[in-house]
Amino acid sequence: MTSSAAPASDGPIEGLTEEQLLAAGSRSDAVFIEAGPGTGKTSVSAHRFAAHRFDPAGDPSRAVVAVSFTRAATSTLKRRVQRLWGPAALTSPHRIITLDTLIVELLHDLLQDGIIEWPNGHSELDVHDSWSTFSGSTFNRTAYRVGLVGNRVQVEQGWVTKPRPAIPATEIVPRVLSGICTHDDVRVVLEAAIKIDEFAAYSVTASANGCAP
């Protein structure tokens, strides 16, 4: 679906264009919207969220979760949903979160259920945007790598050929072993996890039990 329509108002549904109404109210599992800046994508997303959240034919045991890539976009959509539909639209378990939040929660579930094992048995991680939270870069040759061997997370320290500006791996590795990591580390672990059979079986079971967003 493409749109070059004028921006939708923040008012009631009647303020949406025909295409926006079609996208917001569609019962399809997936709706692809291609539109430029200022054409009402956030308004459509807010209305579509509410259409699922307050659908009388919906399954009350399942959460409605909207996912965005950035905190700024997530915050904007939250404000729009609450302004249009009131605070009740975002009562638990219904949420608007970033993709990073979603995958961190998935990793925590896998750790707590024993599908994946973090070094030293950590099941709740302290996840940061980057290692610059803890230390500044220096010219050094140290490097680290997080990976999955079987179902166990392993962290290795090594070297690169030439010095470059980086957080020393000697400061990173002990933190990973103590349950501190970055969002990049989480993505690497989950990318490896989806290739193991236990993860596939876990995903099917979670979906069947209504635990998937």
# chains A, B, ... in the order shown; residues from 1 in each chain; ligands from 1
>>> residues_around(residues="Trp85 in chain A", least_positions_apart="2", cutoff="12 Å", atoms="only C-alpha atoms", output="list in words")
Asp10, Gly11, Pro12, Ile13, Ser43, Ala46, His47, Arg48, Phe49, Ala50, Ala51, Arg53, Phe54, Leu77, Lys78, Arg79, Arg80, Val81, Gln82, Arg83, Pro87, Ala88, Ala89, Leu90 and Thr91 of chain A
>>> write_last_selection(atoms="N, CA, C and O atoms", output="compact mmCIF listing (two decimals), in the first residue's frame")
# COMPACT_ATOMS: atom_id res chain seq x y z
N ASP A 10 -4.84 14.33 14.55
CA ASP A 10 -4.75 13.53 15.77
C ASP A 10 -6.13 13.30 16.37
O ASP A 10 -6.26 12.87 17.50
N GLY A 11 -7.16 13.60 15.63
CA GLY A 11 -8.52 13.48 16.13
C GLY A 11 -9.06 12.08 15.94
O GLY A 11 -8.32 11.12 15.87
N PRO A 12 -10.39 11.96 15.82
CA PRO A 12 -11.02 10.65 15.70
C PRO A 12 -10.71 9.99 14.38
O PRO A 12 -10.09 10.55 13.50
N ILE A 13 -11.21 8.75 14.24
CA ILE A 13 -10.95 7.97 13.04
C ILE A 13 -11.42 8.69 11.79
O ILE A 13 -10.82 8.54 10.72
N SER A 43 0.04 8.10 12.94
CA SER A 43 -1.39 8.08 13.23
C SER A 43 -2.02 6.73 12.85
O SER A 43 -2.82 6.17 13.59
N ALA A 46 -1.00 4.20 15.40
CA ALA A 46 -1.74 4.36 16.65
C ALA A 46 -3.15 3.80 16.54
O ALA A 46 -3.65 3.13 17.46
N HIS A 47 -3.81 4.04 15.41
CA HIS A 47 -5.16 3.50 15.21
C HIS A 47 -5.13 1.99 15.03
O HIS A 47 -6.03 1.29 15.52
N ARG A 48 -4.12 1.49 14.33
CA ARG A 48 -4.03 0.03 14.14
C ARG A 48 -3.77 -0.67 15.47
O ARG A 48 -4.30 -1.75 15.73
N PHE A 49 -2.94 -0.06 16.31
CA PHE A 49 -2.70 -0.62 17.64
C PHE A 49 -4.01 -0.72 18.41
O PHE A 49 -4.33 -1.76 18.99
N ALA A 50 -4.80 0.35 18.38
CA ALA A 50 -6.06 0.35 19.10
C ALA A 50 -7.07 -0.63 18.51
O ALA A 50 -7.86 -1.25 19.23
N ALA A 51 -7.04 -0.79 17.18
CA ALA A 51 -7.97 -1.73 16.53
C ALA A 51 -7.75 -3.15 17.05
O ALA A 51 -8.71 -3.91 17.23
N ARG A 53 -6.01 -3.74 20.01
CA ARG A 53 -6.11 -3.68 21.48
C ARG A 53 -7.57 -3.80 21.94
O ARG A 53 -7.86 -4.48 22.94
N PHE A 54 -8.49 -3.15 21.26
CA PHE A 54 -9.88 -3.12 21.71
C PHE A 54 -10.81 -3.96 20.83
O PHE A 54 -12.02 -3.78 20.85
N LEU A 77 5.04 7.15 19.44
CA LEU A 77 3.86 6.31 19.25
C LEU A 77 3.11 6.12 20.56
O LEU A 77 1.86 6.13 20.58
N LYS A 78 3.82 5.97 21.67
CA LYS A 78 3.16 5.84 22.97
C LYS A 78 2.29 7.07 23.25
O LYS A 78 1.13 6.94 23.67
N ARG A 79 2.87 8.25 23.04
CA ARG A 79 2.13 9.48 23.30
C ARG A 79 0.90 9.58 22.40
O ARG A 79 -0.18 9.99 22.84
N ARG A 80 1.06 9.17 21.14
CA ARG A 80 -0.06 9.26 20.20
C ARG A 80 -1.19 8.30 20.60
O ARG A 80 -2.36 8.66 20.57
N VAL A 81 -0.83 7.07 20.97
CA VAL A 81 -1.84 6.09 21.38
C VAL A 81 -2.58 6.56 22.62
O VAL A 81 -3.81 6.49 22.69
N GLN A 82 -1.85 7.07 23.60
CA GLN A 82 -2.50 7.51 24.83
C GLN A 82 -3.36 8.75 24.61
O GLN A 82 -4.41 8.90 25.24
N ARG A 83 -2.93 9.63 23.70
CA ARG A 83 -3.73 10.82 23.42
C ARG A 83 -5.02 10.46 22.70
O ARG A 83 -6.07 11.04 22.97
N PRO A 87 -5.09 6.23 28.63
CA PRO A 87 -4.07 5.41 29.31
C PRO A 87 -4.39 3.91 29.31
O PRO A 87 -3.48 3.09 29.35
N ALA A 88 -5.67 3.56 29.25
CA ALA A 88 -6.05 2.13 29.31
C ALA A 88 -5.51 1.35 28.13
O ALA A 88 -5.36 0.13 28.20
N ALA A 89 -5.19 2.05 27.03
CA ALA A 89 -4.69 1.36 25.84
C ALA A 89 -3.35 0.67 26.11
O ALA A 89 -3.01 -0.31 25.44
N LEU A 90 -2.61 1.19 27.08
CA LEU A 90 -1.27 0.64 27.34
C LEU A 90 -1.16 -0.01 28.72
O LEU A 90 -0.08 -0.09 29.28
N THR A 91 -2.28 -0.49 29.24
CA THR A 91 -2.19 -1.26 30.48
C THR A 91 -1.61 -2.64 30.17
O THR A 91 -1.79 -3.19 29.09
>>> select_by_dssp(residues="range 22-88 of chain A", states="strand (DSSP E)", output="list in words")
Glu34, Ala35, Val65, Ala66, Val67 and Ser68 of chain A
>>> closest_residue(among="A:Leu148, A:Ile115, A:Ile33, A:Ile97", to="Thr76 in chain A", atoms="only C-alpha atoms")
A:Ile97
>>> select_by_dssp(residues="range 90-185 of chain A", states="helix (DSSP H, G or I)", output="number ranges by chain")
A: 90, 99-112, 119-121, 131-133, 169-177, 183-185
>>> write_last_selection(atoms="N, CA, C and O atoms", output="CSV table (one decimal), in the first residue's frame")
chain,number,residue,atom,x,y,z
A,90,LEU,N,-2.6,1.2,27.1
A,90,LEU,CA,-1.3,0.6,27.3
A,90,LEU,C,-1.2,0.0,28.7
A,90,LEU,O,-0.1,-0.1,29.3
A,99,LEU,N,12.8,-2.8,19.4
A,99,LEU,CA,13.2,-4.1,19.0
A,99,LEU,C,14.2,-4.6,20.0
A,99,LEU,O,14.2,-5.8,20.3
A,100,ASP,N,15.1,-3.8,20.4
A,100,ASP,CA,16.2,-4.2,21.4
A,100,ASP,C,15.5,-4.7,22.7
A,100,ASP,O,16.0,-5.7,23.3
A,101,THR,N,14.5,-4.0,23.2
A,101,THR,CA,13.8,-4.5,24.4
A,101,THR,C,13.2,-5.8,24.2
A,101,THR,O,13.4,-6.7,25.1
A,102,LEU,N,12.6,-6.1,23.0
A,102,LEU,CA,12.0,-7.3,22.8
A,102,LEU,C,13.0,-8.5,22.8
A,102,LEU,O,12.8,-9.5,23.4
A,103,ILE,N,14.2,-8.3,22.1
A,103,ILE,CA,15.1,-9.4,22.0
A,103,ILE,C,15.8,-9.6,23.3
A,103,ILE,O,16.2,-10.7,23.6
A,104,VAL,N,16.0,-8.6,24.1
A,104,VAL,CA,16.6,-8.8,25.4
A,104,VAL,C,15.7,-9.6,26.3
A,104,VAL,O,16.1,-10.5,27.0
A,105,GLU,N,14.4,-9.3,26.2
A,105,GLU,CA,13.4,-10.1,27.0
A,105,GLU,C,13.4,-11.6,26.5
A,105,GLU,O,13.3,-12.5,27.3
A,106,LEU,N,13.5,-11.8,25.2
A,106,LEU,CA,13.5,-13.1,24.7
A,106,LEU,C,14.8,-13.9,25.2
A,106,LEU,O,14.7,-15.0,25.6
A,107,LEU,N,15.9,-13.2,25.2
A,107,LEU,CA,17.1,-13.8,25.7
A,107,LEU,C,17.0,-14.1,27.2
A,107,LEU,O,17.4,-15.2,27.7
A,108,HIS,N,16.4,-13.2,28.0
A,108,HIS,CA,16.2,-13.5,29.4
A,108,HIS,C,15.3,-14.7,29.6
A,108,HIS,O,15.5,-15.6,30.5
A,109,ASP,N,14.3,-14.9,28.8
A,109,ASP,CA,13.4,-16.0,28.9
A,109,ASP,C,14.2,-17.3,28.6
A,109,ASP,O,14.0,-18.3,29.3
A,110,LEU,N,15.0,-17.3,27.6
A,110,LEU,CA,15.8,-18.4,27.2
A,110,LEU,C,16.8,-18.8,28.3
A,110,LEU,O,17.0,-20.0,28.6
A,111,LEU,N,17.4,-17.8,28.9
A,111,LEU,CA,18.3,-18.0,30.0
A,111,LEU,C,17.6,-18.6,31.3
A,111,LEU,O,18.0,-19.6,31.9
A,112,GLN,N,16.4,-18.0,31.6
A,112,GLN,CA,15.7,-18.5,32.8
A,112,GLN,C,15.1,-19.9,32.6
A,112,GLN,O,15.0,-20.6,33.6
A,119,PRO,N,27.7,-17.5,31.0
A,119,PRO,CA,28.8,-17.8,31.9
A,119,PRO,C,28.4,-17.5,33.3
A,119,PRO,O,27.8,-16.4,33.6
A,120,ASN,N,28.8,-18.3,34.2
A,120,ASN,CA,28.6,-18.2,35.7
A,120,ASN,C,27.1,-18.2,36.0
A,120,ASN,O,26.7,-17.7,37.1
A,121,GLY,N,26.3,-18.7,35.2
A,121,GLY,CA,24.9,-19.0,35.5
A,121,GLY,C,24.0,-17.8,35.5
A,121,GLY,O,22.9,-17.9,36.1
A,131,TRP,N,30.0,-0.2,25.1
A,131,TRP,CA,30.9,-0.3,26.2
A,131,TRP,C,31.5,1.0,26.6
A,131,TRP,O,32.2,1.1,27.7
A,132,SER,N,31.2,2.1,25.9
A,132,SER,CA,31.7,3.4,26.2
A,132,SER,C,31.1,3.9,27.5
A,132,SER,O,31.5,4.9,28.1
A,133,THR,N,30.0,3.3,28.0
A,133,THR,CA,29.4,3.6,29.3
A,133,THR,C,30.4,3.4,30.4
A,133,THR,O,30.4,4.1,31.4
A,169,ALA,N,39.6,-5.1,25.4
A,169,ALA,CA,38.9,-6.3,25.7
A,169,ALA,C,39.2,-6.7,27.1
A,169,ALA,O,38.4,-7.4,27.7
A,170,THR,N,40.3,-6.3,27.7
A,170,THR,CA,40.6,-6.7,29.1
A,170,THR,C,39.7,-6.1,30.1
A,170,THR,O,39.5,-6.6,31.2
A,171,GLU,N,39.0,-5.0,29.6
A,171,GLU,CA,38.0,-4.4,30.5
A,171,GLU,C,36.6,-4.9,30.2
A,171,GLU,O,35.6,-4.8,31.0
A,172,ILE,N,36.4,-5.5,29.0
A,172,ILE,CA,35.1,-6.0,28.6
A,172,ILE,C,34.8,-7.4,29.0
A,172,ILE,O,33.7,-7.7,29.6
A,173,VAL,N,35.8,-8.3,28.8
A,173,VAL,CA,35.6,-9.7,29.1
A,173,VAL,C,35.1,-10.0,30.6
A,173,VAL,O,34.2,-10.7,30.8
A,174,PRO,N,35.8,-9.4,31.6
A,174,PRO,CA,35.3,-9.7,32.9
A,174,PRO,C,33.9,-9.2,33.2
A,174,PRO,O,33.1,-9.8,34.0
A,175,ARG,N,33.5,-8.2,32.5
A,175,ARG,CA,32.1,-7.7,32.7
A,175,ARG,C,31.1,-8.7,32.0
A,175,ARG,O,30.0,-8.9,32.6
A,176,VAL,N,31.4,-9.2,30.8
A,176,VAL,CA,30.6,-10.2,30.2
A,176,VAL,C,30.4,-11.4,31.1
A,176,VAL,O,29.3,-11.9,31.3
A,177,LEU,N,31.5,-11.8,31.7
A,177,LEU,CA,31.5,-13.0,32.6
A,177,LEU,C,30.6,-12.7,33.9
A,177,LEU,O,30.1,-13.6,34.5
A,183,HIS,N,23.9,-4.5,23.6
A,183,HIS,CA,22.8,-5.0,22.7
A,183,HIS,C,23.4,-5.7,21.6
A,183,HIS,O,22.8,-6.7,21.1
A,184,ASP,N,24.6,-5.4,21.1
A,184,ASP,CA,25.2,-6.1,20.0
A,184,ASP,C,25.5,-7.5,20.4
A,184,ASP,O,25.3,-8.5,19.7
A,185,ASP,N,26.0,-7.7,21.7
A,185,ASP,CA,26.2,-9.1,22.2
A,185,ASP,C,24.9,-9.9,22.2
A,185,ASP,O,24.9,-11.1,21.8
>>> closest_residue(among="A:Ala72, A:Leu21, A:Ile180, A:Leu84", to="Ile96 in chain A", atoms="only C-alpha atoms")
A:Ala72
>>> closest_residue(among="A:Ala200, A:Ala35, A:Cys181, A:Ala63", to="Val127 in chain A", atoms="only C-alpha atoms")
A:Cys181
>>> atom_distance(atom1="CA of Ser123 in chain A", atom2="CA of Tyr144 in chain A")
21.3 Å
>>> closest_residue(among="A:Phe69, A:Thr161, A:Ser45, A:Val186", to="Arg145 in chain A", atoms="only C-alpha atoms")
A:Val186
